[in-house]
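Trainee: Supplied structure: final21.tsv, TSV, C-alpha atoms.
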```
chain	number	residue	atom	x	y	z
A	7	MET	CA	135.27	259.30	219.36
A	8	ILE	CA	135.18	256.16	217.28
A	9	ILE	CA	137.36	255.76	214.19
A	10	PHE	CA	136.30	253.34	211.49
A	11	SER	CA	139.37	252.14	209.63
A	12	GLY	CA	140.45	248.95	207.97
A	13	GLY	CA	141.85	248.15	205.36
A	14	GLU	CA	139.56	250.64	203.75
A	15	ALA	CA	136.46	251.64	205.72
A	16	LEU	CA	134.70	252.88	202.58
A	17	LEU	CA	134.48	249.30	201.29
A	18	ARG	CA	132.02	248.35	204.06
A	19	HIS	CA	128.45	248.21	202.76
A	20	ASP	CA	127.10	248.98	206.24
A	21	LEU	CA	129.35	251.96	207.00
A	22	TYR	CA	126.52	254.52	206.88
A	23	ASP	CA	124.50	252.46	209.38
A	24	LEU	CA	127.52	252.10	211.68
A	25	ILE	CA	128.17	255.85	211.58
A	26	SER	CA	124.52	256.66	212.24
A	27	TYR	CA	124.38	254.21	215.15
A	28	ALA	CA	127.61	255.55	216.65
A	29	LYS	CA	126.30	259.12	216.42
A	30	LYS	CA	123.02	258.11	218.12
A	31	GLN	CA	125.06	256.56	220.93
A	32	GLY	CA	126.76	259.92	221.55
A	33	LEU	CA	130.04	259.03	219.87
A	34	ASN	CA	131.97	261.20	217.44
A	35	PRO	CA	132.30	259.02	214.29
A	36	VAL	CA	135.37	259.41	212.07
A	37	ILE	CA	136.65	257.31	209.18
A	38	ALA	CA	140.26	256.68	208.23
A	39	THR	CA	140.71	256.33	204.48
A	40	ASN	CA	143.28	256.53	201.72
A	41	GLY	CA	140.71	258.63	199.86
A	42	LEU	CA	140.67	256.47	196.72
A	43	GLU	CA	137.03	255.44	197.20
A	44	LEU	CA	135.76	258.84	198.33
A	45	THR	CA	133.31	260.49	195.96
A	46	GLU	CA	131.16	263.55	196.42
A	47	LYS	CA	128.12	261.27	196.59
A	48	ASN	CA	129.38	258.94	199.31
A	49	ALA	CA	131.03	261.82	201.21
A	50	THR	CA	127.65	263.56	201.34
A	51	GLN	CA	126.02	260.33	202.52
A	52	LEU	CA	128.71	259.97	205.20
A	53	LYS	CA	128.13	263.53	206.39
A	54	ASP	CA	124.35	263.02	206.39
A	55	SER	CA	124.83	259.82	208.44
A	56	GLY	CA	126.61	261.84	211.14
A	57	LEU	CA	130.28	261.55	210.21
A	58	SER	CA	132.22	264.37	211.82
A	59	CYS	CA	135.63	264.01	210.16
A	60	VAL	CA	137.55	262.12	207.49
A	61	ALA	CA	141.13	261.12	208.32
A	62	ILE	CA	142.95	260.95	204.96
A	63	SER	CA	146.35	259.30	204.56
A	64	LEU	CA	148.96	261.46	202.86
A	65	HIS	CA	152.62	260.42	202.92
A	66	PHE	CA	154.38	262.32	200.12
A	67	LEU	CA	153.82	265.34	197.90
A	68	ASP	CA	155.97	263.75	195.19
A	69	PRO	CA	153.61	261.68	193.01
A	70	VAL	CA	156.19	258.99	192.21
A	71	ALA	CA	157.23	258.57	195.84
A	72	PHE	CA	153.58	258.41	196.95
A	73	ASP	CA	152.75	255.80	194.30
A	74	ASP	CA	155.79	253.76	195.36
A	75	PHE	CA	154.73	254.00	199.01
A	76	THR	CA	151.10	253.01	198.41
A	77	GLY	CA	151.61	250.63	195.49
A	78	THR	CA	148.80	252.45	193.68
A	79	LYS	CA	148.98	254.68	190.61
A	80	ASN	CA	147.82	258.30	190.90
A	81	SER	CA	147.70	258.09	194.71
A	82	LEU	CA	148.58	261.74	195.25
A	83	ASP	CA	146.01	263.05	192.79
A	84	ASN	CA	143.32	260.83	194.29
A	85	THR	CA	144.20	261.82	197.84
A	86	LEU	CA	144.15	265.53	197.00
A	87	ARG	CA	140.84	265.00	195.17
A	88	ALA	CA	139.40	263.46	198.35
A	89	ILE	CA	140.51	266.52	200.33
A	90	ASP	CA	138.88	268.78	197.75
A	91	ILE	CA	135.65	266.77	198.00
A	92	CYS	CA	135.62	267.29	201.76
A	93	ASN	CA	136.11	271.01	201.19
A	94	THR	CA	133.33	271.13	198.61
A	95	ILE	CA	130.71	269.57	200.86
A	96	GLY	CA	131.93	271.14	204.11
A	97	LEU	CA	133.14	267.92	205.73
A	98	ARG	CA	136.06	268.29	208.16
A	99	PHE	CA	139.22	266.34	207.37
A	100	GLN	CA	142.54	265.64	208.96
A	101	ILE	CA	145.79	264.38	207.48
A	102	ASN	CA	147.27	261.12	208.72
A	103	THR	CA	150.88	260.50	207.75
A	104	THR	CA	153.92	258.41	208.47
A	105	VAL	CA	156.87	260.75	209.01
A	106	PHE	CA	160.40	259.66	208.12
A	107	LYS	CA	163.50	261.14	206.49
A	108	ARG	CA	162.18	260.87	202.93
A	109	ASN	CA	159.08	263.00	203.56
A	110	ALA	CA	159.90	265.19	206.58
A	111	SER	CA	160.53	268.25	204.42
A	112	ASP	CA	157.08	267.83	202.80
A	113	ILE	CA	155.13	268.08	206.06
A	114	PRO	CA	154.98	271.92	206.23
A	115	LYS	CA	153.59	271.90	202.66
A	116	TYR	CA	150.71	269.48	203.35
A	117	PRO	CA	147.26	270.85	202.47
A	118	CYS	CA	146.22	271.25	206.10
A	119	SER	CA	145.48	274.89	205.47
A	120	ARG	CA	142.59	274.03	203.16
A	121	LYS	CA	139.63	275.07	205.28
A	122	THR	CA	136.28	273.39	204.89
A	123	LYS	CA	133.05	275.34	204.65
A	124	ALA	CA	132.08	273.89	208.03
A	125	GLN	CA	135.06	275.44	209.83
```
Written as structure tokens, that's how I'd like the structure from this file.
Mentor:
Amino acid sequence: MIIFSGGEALLRHDLYDLISYAKKQGLNPVIATNGLELTEKNATQLKDSGLSCVAISLHFLDPVAFDDFTGTKNSLDNTLRAIDICNTIGLRFQINTTVFKRNASDIPKYPCSRKTKAQ
């Protein structure tokens, strides 16, 4: 497995080429993203390039707490939208999170039960 992360992996102009090359080398390519740059178009391109999974960061289910944590407005909505995009096109996803006292009670409620068409 090889995980492309960053910063934000989706900002790389050559990401599709890197994924395709990794796949041809027998690796299992994955990207780690906050989901803000994920669109149905680029998610489809990622899948077509050989991406096997998207690791999406989710730290709170409370929108204000998530925005405070990320320093970005509408973080929760955008992250959940990215998960929905993965579901729509049948691209596997996983949730990456930082667990601490403020969000521990949220973990059982995370959208991990959303199954993709590919599963």
Trainee: Kindly give the distance, in Å, that separates CA of Pro114 in chain A and CA of Thr94 in chain A, rounded to a single decimal.
Mentor: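 Between these atoms lies a distance of 23.0 Å.
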Trainee: Excluding same-chain residues fewer than 2 positions from Gly12 in chain A, what lies within 12 Å of it counting all atoms listed in the file, as a ChimeraX atom specification?
Mentor: /A:9-10,14-18,21,37-40
Trainee: Compile the contact shell of Ser26 in chain A as JSON, numbers by chain: residues with an atom at most 8 Å away, counting all atoms listed in the file, same-chain residues fewer than 6 positions apart removed.
Mentor: {"A": [55, 56, 57]}
Trainee: Quote the spacing between CA of Ser81 in chain A and CA of Phe66 in chain A in Å to one decimal place.
Mentor: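 Separating CA of Ser81 in chain A from CA of Phe66 in chain A is a distance of 9.6 Å.
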Trainee: Which is closer to Ile8 in chain A than all the others in A:Ile101, A:Ala28, A:Leu42, A:Leu86, using only C-alpha atoms?
Mentor: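 Distance minimum relative to Ile8 in chain A lands on A:Ala28.
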Trainee: Using all atoms listed in the file, which residues sit within 9 Å of Arg87 in chain A once same-chain residues fewer than 5 positions away are excluded, as a list in words?
Mentor: Gly41, Leu42, Leu44, Thr45, Leu82 and Cys92 of chain A
Trainee: Write out as a list in words each polymer residue whose atoms come within 8 Å of range 46-49 of chain A, counting all atoms listed in the file; drop sequence neighbours fewer than 6 positions from it.
Mentor: Ile91, Cys92, Ile95 and Leu97 of chain A
Trainee: Would you pick out the contacts of Leu64 in chain A at 7 Å or less, using only C-alpha atoms, so that residues sharing its chain but fewer than 5 positions from it are not included, and give the list as a list in words?
Mentor: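 Here the qualifying residues turn out to be Thr85, Ile101, Asn102 and Thr103 of chain A.
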